[in-house]
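Below is one structure, written out as structure tokens; the observations come after it.
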Number of protein chains: 2
Amino acid sequence: MPEPGPRVGIAGLGLIGASLALALRESAHAAAIHGWDRDAAIGERAACSGVIDRACADLAQLRRDVDVLVIAVPTLAAASLLRELLAAGEAGASLPIITDVASVKGPLRDVAAAADPALAARFVPGHPIAGSERSGLAAADATLFREHRVILTPLAATDAKALAVVTAMWEAAGAVVETLAVDEHDAVLAATSHLPHVLAFALVDALARSERSDDIFRFAAGGFRDFTRIASSDPVMWRDVTVANAPALLEVIDDFTRRLADLRGAVADGNAAALESTFRHAKAARDEFSQDLSGRMRRASETGG
Amino acid sequence: MPEPGPRVGIAGLGLIGASLALALRESAHAAAIHGWDRDAAIGERAACSGVIDRACADLAQLRRDVDVLVIAVPTLAAASLLRELLAAGEAGASLPIITDVASVKGPLRDVAAAADPALAARFVPGHPIAGSERSGLAAADATLFREHRVILTPLAATDAKALAVVTAMWEAAGAVVETLAVDEHDAVLAATSHLPHVLAFALVDALARSERSDDIFRFAAGGFRDFTRIASSDPVMWRDVTVANAPALLEVIDDFTRRLADLRGAVADGNAAALESTFRHAKAARDEFSQDLSGRMRRASETGG
């Protein structure tokens with residue numbers, strides 16, 4: 001008989017937390033799945049619909065009942081839950097292995113760095129690169145992570161066994177696990193995700209304030225819709241991400257602003273050769289990325305069930 | 001018996017020109033459809049496959065054989081073909097009604113302004129807001145313009161009868177025809193199309209030049225793919241558009257750069273309230289636009305055959 005899997009606890013039953021619960025249930029990886037949500041009604045609903053086995057009354061109960069605890073709330077709230085868990089450890093409670101799903105890893109690293117290293121050893125920071133325009137328990141999807149990347153950013157203090165347990169959990173959910181240093185993670189995500197969101201928000205805001213905004217939105221079409229889709233994202237989540245990742249985000253904003261100023265100069269000078277060269281370079285890089293991504297998505301659908 | 005429709009000539013048998021030919025054929029609007037392409041092999045192929053009735057040997061023959069001539073080539077080439085047609089008129093040839101499909105109207109207005117007003121009267125500048133990532137004759141689609149907007153930008157010299165004939169032609173192709181002044185058109189398109197392309201090209205170029213570009217493209221996902229799709233557009237076409245629409249483009253680049261600098265300041269100051277307020281404003285405008293566009297597209301599919 002195989003060794004029973006870990007009891008997994010999920011704090012925060014939104015899209016990511018509930019999808020992880022469903023994926024672990026489908027793969028029979030966890031011996032039990034407990035859940036807790038700040039909104040008790042969501043915990044009840046998740047238990048009644050079978051997304052989790054049992055809803056816990058509070059975070060302390062969740063901590064006591066599980067082997068691995070996944071903090072599945074947004075960045076700033078995640079740092080505050082981690083602080084609460086480590087404080088319980090410092091008060092003598094035994095801690096499960098702890099991981100999280102926040103988009104920015106710096107604030108969680110800082111919380112762990114302020115704790116006793118023996119406790120910080122239990123913490124494995126993580127970030128699944130998956131999501132949806134939909135959100136909440138109702139949008140939960142057992143296949144959300146399949147062939148998607150999960151980036152773990154182990155700290156110097158992180159215990160190797162804890163890292164292995166969290167890696168195995170995400171692999172059971174169908175994900176491809178990779179590791180990065182915290183600062184590298186935050187710099188890469190600033191470039192691929194946080195900067196594009198800021199640009200999309202800034203563009204739509206600028207156009208909405210324009211004196212000809214009525215005509216602008218009236219004549220915009222499909223290309224504009226795709227380009228600005230991420231400007232329909234949750235303003236509160238993105239406020240927190242931009243605040244939490246400010247240093248890395250400022251660096252990529254400044255880098256982008258310099259490139260845009262170069263292009264502006266080429267437009268002003270009618271420098272057709274410089275414009276064409278930049279556009280060619282960008283198209284080549286984007287076409288290559290797009291092929292790689294299509295390959296990843298094809299593999300995901302081939303392994304789908 | 002109804003009056004026979006106009007003989008339509010199409011100069012340039014790429015995606016737009018060939019799709020218009022197919023749409024006019026389907027609606028039985030034109031008495032005949034003649035075509036010409038700089039690449040004679042494309043003209044032959046269009047005639048053999050029945051996209052057009054007959055391929056003309058040169059632009060002069062096309063001009064002589066039709067009642068309405070559509071210049072369906074990119075912006076800078078369109079200005080040069082228009083100049084050639086007006087010069088033939090000045091040399092005594094009789095001119096058909098002339099229209100075009102270029103993305104920037106200023107250069108065509110300037111060419112017409114330099115001609116005899118009696119000849120310029122035959123010219124109706126136009127721009128169908130439709131396209132595809134695919135291009136060329138092989139991508140032609142009779143439904144490309146259905147429920148899409150076509151913006152006509154009649155000049156002071158434009159004859160009212162010519163405007164009515166071009167309007168009827170686009171309506172026969174299924175489009176919704178609107179008129180704008182040339183400068184308003186170029187300003188609106190700079191905002192909704194040309195600026196987003198420049199931002200997408202600048203972003204991908206900046207990231208490709210980054211020292212961590214390998215990790216950046218490796219961890220980028222679906223949101224990044226949508227945001228950067230337009231950076232896969234044709235570099236030569238976009239070089240010409242940015243050169244041709246430089247004044248309006250510079251204005252919206254500068255406006256955008258100011259808004260981005262404001263947001264950068266809010267990130268640097270940790271001004272969460274300012275960030276949230278901008279993100280909320282942008283999301284509201286983008287959600288409203290998206291609903292309007294969905295309504296337009298639903299109507300297009302309902303009228304589809």
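By convention here, the chains of the structure tokens are called A, B, ... in the order presented, each chain's residues are numbered starting at 1, and ligands are numbered starting at 1 in the order presented.
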Discussion item. So that I can check the secondary structure, give me every residue of segment 45-101 of chain B assigned strand (DSSP E or B) by backbone DSSP, as a PyMOL selection string.
Written reply: chain B and resi 54-55+68-71+97-100
Please produce an output containing C-alpha atoms for each residue in the selection, written as a compact mmCIF listing (two decimals), in the first residue's frame.
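Output (out.txt):
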# COMPACT_ATOMS: atom_id res chain seq x y z
CA ARG B 54 -10.65 40.26 -65.43
CA ALA B 55 -7.06 41.19 -64.64
CA VAL B 68 -15.20 53.29 -59.54
CA LEU B 69 -11.53 52.62 -58.87
CA VAL B 70 -10.50 51.42 -55.38
CA ILE B 71 -6.84 51.95 -54.50
CA ILE B 97 -14.62 57.90 -59.19
CA ILE B 98 -11.56 57.07 -57.07
CA THR B 99 -11.44 55.87 -53.49
CA ASP B 100 -8.82 54.18 -51.30
Worksheet item: Got a sec: who's within 8 Å of segment 251-256 of chain B, counting only C-alpha atoms, leaving out chain neighbours fewer than 6 positions off, as a ChimeraX atom specification?
Response: /A:202-203,206,264 /B:190-191,195
Worksheet entry | Distance-based interface of chain B with chain A, 7 Å, counting only C-alpha atoms, as a PyMOL selection string | chain B and resi 188+191-193+201-206+208+215-217+220+223-227+230-233+235-236+239+242-243+246+250+256+259-260+264+267-268+270+272+275-276+278-283+285-287+289-290
Practice prompt. Quick one: pick out all alpha helix (DSSP H) residues within segment 160-247 of chain A from a backbone DSSP run and write them as a ChimeraX atom specification.
Written response: /A:160-172,182-189,195-209,213-219,222-228,235-244,246-247
